[in-house]
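Quick look at structure_22.pdb (PDB, C-alpha atoms and all ligand atoms):
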```
ATOM      1  CA  MET A   1     176.061 154.229 212.636
ATOM      2  CA  LYS A   2     176.890 157.910 212.409
ATOM      3  CA  ASN A   3     177.435 159.156 208.871
ATOM      4  CA  ASP A   4     180.563 161.209 209.383
ATOM      5  CA  CYS A   5     182.239 158.786 211.812
ATOM      6  CA  ILE A   6     185.374 157.052 210.580
ATOM      7  CA  PHE A   7     185.057 154.140 213.037
ATOM      8  CA  CYS A   8     181.411 153.526 212.099
ATOM      9  CA  ALA A   9     182.474 153.534 208.436
ATOM     10  CA  ILE A  10     185.225 150.986 209.131
ATOM     11  CA  GLY A  11     182.831 148.877 211.214
ATOM     12  CA  GLU A  12     180.374 148.750 208.327
ATOM     13  CA  ASN A  13     183.127 148.085 205.764
ATOM     14  CA  LYS A  14     182.427 151.366 203.994
ATOM     15  CA  ILE A  15     186.102 152.094 204.502
ATOM     16  CA  LYS A  16     188.416 149.118 204.173
ATOM     17  CA  SER A  17     190.605 148.228 207.114
ATOM     18  CA  GLU A  18     192.027 144.867 208.148
ATOM     19  CA  LYS A  19     190.076 143.548 211.120
ATOM     20  CA  LEU A  20     192.184 141.399 213.420
ATOM     21  CA  TYR A  21     189.093 140.408 215.380
ATOM     22  CA  GLU A  22     185.373 140.945 214.914
ATOM     23  CA  ASP A  23     182.171 139.809 216.569
ATOM     24  CA  GLU A  24     178.660 141.253 216.861
ATOM     25  CA  ASN A  25     179.788 143.769 219.509
ATOM     26  CA  CYS A  26     183.212 145.039 218.537
ATOM     27  CA  PHE A  27     186.201 144.797 216.227
ATOM     28  CA  ILE A  28     189.953 145.337 216.436
ATOM     29  CA  ILE A  29     192.119 147.152 213.882
ATOM     30  CA  LYS A  30     195.692 148.411 213.843
ATOM     31  CA  ASP A  31     196.064 152.088 214.682
ATOM     32  CA  ILE A  32     197.011 154.039 211.568
ATOM     33  CA  ASN A  33     199.556 156.064 213.539
ATOM     34  CA  PRO A  34     201.180 153.670 216.044
ATOM     35  CA  ILE A  35     202.860 155.078 219.150
ATOM     36  CA  CYS A  36     204.190 151.697 220.265
ATOM     37  CA  LYS A  37     205.632 148.575 218.595
ATOM     38  CA  TYR A  38     202.107 147.186 218.376
ATOM     39  CA  HIS A  39     199.144 149.538 218.632
ATOM     40  CA  TYR A  40     195.584 148.335 218.125
ATOM     41  CA  LEU A  41     192.146 149.852 218.572
ATOM     42  CA  MET A  42     189.290 147.853 220.031
ATOM     43  CA  ILE A  43     186.125 149.542 218.814
ATOM     44  CA  PRO A  44     182.620 148.755 220.049
ATOM     45  CA  LYS A  45     180.302 148.778 217.024
ATOM     46  CA  MET A  46     177.715 151.049 218.602
ATOM     47  CA  HIS A  47     178.348 154.761 218.081
ATOM     48  CA  TYR A  48     178.714 157.002 221.152
ATOM     49  CA  ALA A  49     181.536 159.346 222.015
ATOM     50  CA  THR A  50     182.537 158.662 225.612
ATOM     51  CA  ILE A  51     181.660 156.560 228.658
ATOM     52  CA  LYS A  52     179.244 159.213 229.874
ATOM     53  CA  ASP A  53     177.323 158.893 226.587
ATOM     54  CA  MET A  54     177.015 155.107 226.799
ATOM     55  CA  PRO A  55     173.512 153.838 226.022
ATOM     56  CA  LYS A  56     171.930 151.466 228.511
ATOM     57  CA  GLY A  57     173.398 147.982 228.367
ATOM     58  CA  GLN A  58     176.610 149.093 226.682
ATOM     59  CA  ALA A  59     178.717 148.887 229.836
ATOM     60  CA  GLU A  60     178.113 145.131 229.857
ATOM     61  CA  VAL A  61     178.891 144.906 226.139
ATOM     62  CA  VAL A  62     182.147 146.812 226.520
ATOM     63  CA  GLY A  63     183.016 144.715 229.570
ATOM     64  CA  LYS A  64     182.571 141.597 227.465
ATOM     65  CA  CYS A  65     184.788 143.052 224.750
ATOM     66  CA  ILE A  66     187.535 143.897 227.240
ATOM     67  CA  ALA A  67     187.333 140.400 228.712
ATOM     68  CA  LEU A  68     188.153 139.023 225.253
ATOM     69  CA  ILE A  69     191.462 140.808 225.014
ATOM     70  CA  PRO A  70     193.514 138.202 226.935
ATOM     71  CA  THR A  71     192.153 135.460 224.652
ATOM     72  CA  LEU A  72     193.878 137.279 221.754
ATOM     73  CA  SER A  73     197.192 137.336 223.587
ATOM     74  CA  LYS A  74     199.242 135.586 220.913
ATOM     75  CA  LYS A  75     197.743 137.398 217.935
ATOM     76  CA  LEU A  76     198.143 140.849 219.518
ATOM     77  CA  HIS A  77     201.547 140.200 221.133
ATOM     78  CA  LEU A  78     200.277 140.636 224.673
ATOM     79  CA  GLU A  79     202.327 137.889 226.341
ATOM     80  CA  ASN A  80     204.716 140.245 228.123
ATOM     81  CA  GLY A  81     202.033 142.685 229.180
ATOM     82  CA  TYR A  82     200.137 145.459 227.510
ATOM     83  CA  ARG A  83     198.453 148.753 228.195
ATOM     84  CA  LEU A  84     194.853 149.839 227.605
ATOM     85  CA  ILE A  85     194.059 153.520 227.160
ATOM     86  CA  VAL A  86     190.631 155.075 226.746
ATOM     87  CA  ASN A  87     190.870 158.777 225.983
ATOM     88  CA  GLN A  88     187.826 160.730 227.117
ATOM     89  CA  GLY A  89     187.231 164.179 225.702
ATOM     90  CA  GLU A  90     189.265 167.210 224.922
ATOM     91  CA  ASP A  91     191.835 167.294 227.720
ATOM     92  CA  ALA A  92     192.760 163.678 227.002
ATOM     93  CA  GLY A  93     193.210 164.530 223.334
ATOM     94  CA  GLN A  94     190.423 162.279 222.081
ATOM     95  CA  GLY A  95     190.482 162.682 218.320
ATOM     96  CA  VAL A  96     187.770 160.268 217.222
ATOM     97  CA  MET A  97     184.472 160.763 219.026
ATOM     98  CA  HIS A  98     183.465 157.092 218.919
ATOM     99  CA  LEU A  99     184.451 155.165 222.036
ATOM    100  CA  HIS A 100     187.541 153.032 221.514
ATOM    101  CA  ILE A 101     190.188 151.300 223.565
ATOM    102  CA  HIS A 102     193.836 151.608 222.584
ATOM    103  CA  ILE A 103     195.785 148.375 223.086
ATOM    104  CA  LEU A 104     199.551 148.925 223.258
ATOM    105  CA  SER A 105     201.993 146.031 223.324
ATOM    106  CA  GLY A 106     205.307 144.595 222.215
ATOM    107  CA  GLN A 107     207.722 146.783 224.145
ATOM    108  CA  LYS A 108     208.552 148.170 227.561
ATOM    109  CA  MET A 109     206.488 151.290 228.147
ATOM    110  CA  ASN A 110     208.577 153.850 229.905
ATOM    111  CA  PHE A 111     206.302 156.575 228.629
ATOM    112  CA  ILE A 112     202.928 158.051 229.569
ATOM    113  CA  VAL A 113     201.432 157.161 233.012
TER     114      VAL A 113
HETATM  115  P1  LIG A 201     192.005 159.032 220.218
HETATM  116  O1  LIG A 201     192.988 160.146 220.194
HETATM  117  O2  LIG A 201     190.636 159.460 219.736
HETATM  118  O3  LIG A 201     191.970 158.284 221.503
HETATM  119  O4  LIG A 201     192.540 157.974 219.173
HETATM  120  C1  LIG A 201     192.126 157.872 217.863
HETATM  121  C2  LIG A 201     193.122 156.976 217.186
HETATM  122  O5  LIG A 201     192.573 156.558 215.961
HETATM  123  C3  LIG A 201     194.456 157.663 216.877
HETATM  124  O6  LIG A 201     195.505 156.950 217.535
HETATM  125  C4  LIG A 201     194.562 157.583 215.354
HETATM  126  O7  LIG A 201     195.867 157.298 214.930
HETATM  127  C5  LIG A 201     193.594 156.472 215.007
HETATM  128  N1  LIG A 201     192.922 156.624 213.732
HETATM  129  C6  LIG A 201     192.292 157.739 213.264
HETATM  130  N2  LIG A 201     191.764 157.500 212.051
HETATM  131  C7  LIG A 201     192.055 156.208 211.749
HETATM  132  C8  LIG A 201     191.766 155.382 210.621
HETATM  133  O8  LIG A 201     191.138 155.792 209.643
HETATM  134  N3  LIG A 201     192.211 154.099 210.662
HETATM  135  C9  LIG A 201     192.917 153.606 211.729
HETATM  136  N4  LIG A 201     193.314 152.328 211.657
HETATM  137  N5  LIG A 201     193.194 154.358 212.820
HETATM  138  C10 LIG A 201     192.782 155.649 212.821
HETATM  139 ZN    ZN A 202     180.934 155.991 215.145
END
```
Reformat the file's structure so that it appears as structure tokens.
Ligand code: 5GP
Ligand code: ZN
Amino acid sequence: MKNDCIFCAIGENKIKSEKLYEDENCFIIKDINPICKYHYLMIPKMHYATIKDMPKGQAEVVGKCIALIPTLSKKLHLENGYRLIVNQGEDAGQGVMHLHIHILSGQKMNFIV
């Protein structure tokens, strides 16, 4: 938990936000500013900014979290495909310095990559 981190605050229910999924490792919320029909954030509970800052053992934890995503296919509208984005640092425009995975779904994506 980092005091001034919005995602840590949401993870610890200090700021209210509907969690579509939660376990001991991560949680999923809707992005407050969606860029796609459905736009979610999968957020590992442990605080660190980017992949290069990952504490030991976290790669496995994040891998486990990512592996869960297809099991939430119906709930997150992933049936027709989806896109995962993990912004890393300034050039990528990372705004929240707590690792998170954008999950975009629900429409054809003729934008970005
Ligand atoms: P980044 O640019 O860091 O990859 O993405 C951060 C994302 O978090 C942005 O898409 C932004 O809309 C979202 N976001 C920032 N603050 C909040 C918040 O308080 N609640 C929710 N649900 N999303 C947020
Ligand atoms: Zn944090």
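Take the PyMOL selection byres (((chain A and resi 87) around 10) and not hetatm) and apply it to this file: it picks Thr50, Ile51, Leu84, Ile85, Val86, Gln88, Gly89, Glu90, Asp91, Ala92, Gly93, Gln94, Gly95, Val96, Met97, Leu99, His100, Ile101 and His102 of chain A.
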Exercise. When the cut-off is 7 Å and you count all atoms listed in the file, which residues lie near ligand ZN 202 (chain A), shown as number ranges by chain?
Worked result: A: 1-2, 5-8, 46-48, 98
Around all listed atoms of ligand LIG 201 (chain A), padded 3 Å per side, what centre and edge lengths does the axis-aligned box have in Å to one decimal, as JSON?
```
{"center_x": 193.3, "center_y": 156.2, "center_z": 215.6, "size_x": 11.2, "size_y": 13.8, "size_z": 17.9}
```
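Across A:Ile32, A:Ile15, A:Leu76, A:Cys26, the tightest approach to ligand LIG 201 (chain A) is made by A:Ile32 when counting all atoms listed in the file.
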Spell out the residues picked by the PyMOL selection byres (((chain A and resi 65) around 9) and not hetatm) here, as a short mmCIF file (atom, residue, chain, number, x, y, z; two decimals) with C-alpha atoms, in the coordinates of the input.
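Final output, saved to result37.cif:
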```cif
data_model
loop_
_atom_site.label_atom_id
_atom_site.label_comp_id
_atom_site.auth_asym_id
_atom_site.auth_seq_id
_atom_site.Cartn_x
_atom_site.Cartn_y
_atom_site.Cartn_z
CA ASN A 25 179.79 143.77 219.51
CA CYS A 26 183.21 145.04 218.54
CA PHE A 27 186.20 144.80 216.23
CA MET A 42 189.29 147.85 220.03
CA ILE A 43 186.12 149.54 218.81
CA PRO A 44 182.62 148.76 220.05
CA GLU A 60 178.11 145.13 229.86
CA VAL A 61 178.89 144.91 226.14
CA VAL A 62 182.15 146.81 226.52
CA GLY A 63 183.02 144.72 229.57
CA LYS A 64 182.57 141.60 227.46
CA ILE A 66 187.54 143.90 227.24
CA ALA A 67 187.33 140.40 228.71
CA LEU A 68 188.15 139.02 225.25
CA ILE A 69 191.46 140.81 225.01
#
```
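Our summary of the geometry notes that atom C1 of ligand LIG 201 (chain A) is positioned 21.4 Å from atom CA of A:Gly81.
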Problem set entry | Residue among A:Asn3, A:Tyr21, A:Pro34, A:Phe111 lying closest to ligand LIG 201 (chain A), counting all atoms listed in the file |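 Once distances to ligand LIG 201 (chain A) are computed over all atoms listed in the file, the minimum belongs to A:Pro34.
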Exercise. With distances taken over all atoms listed in the file, which of A:Cys36, A:Met54, A:Ala49, A:Leu41 is nearest to A:Ser105?
Worked result: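 For A:Ser105, the nearest of the candidates is A:Cys36.
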For this session: Go ahead and compute the interatomic distance for atom CA of A:Lys16 and atom N3 of ligand LIG 201 (chain A), in Å to one decimal.
Result: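 Interatomic distance, atom CA of A:Lys16 to atom N3 of ligand LIG 201 (chain A): 9.0 Å.
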For this session: Decode the PyMOL selection byres (((chain A and resi 18) around 10) and not hetatm) for the given file into explicit residues and return them as a list in words.
Result: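 Given this file, the PyMOL selection byres (((chain A and resi 18) around 10) and not hetatm) evaluates to Ile10, Asn13, Lys16, Ser17, Lys19, Leu20, Tyr21, Phe27, Ile28, Ile29 and Lys30 of chain A.
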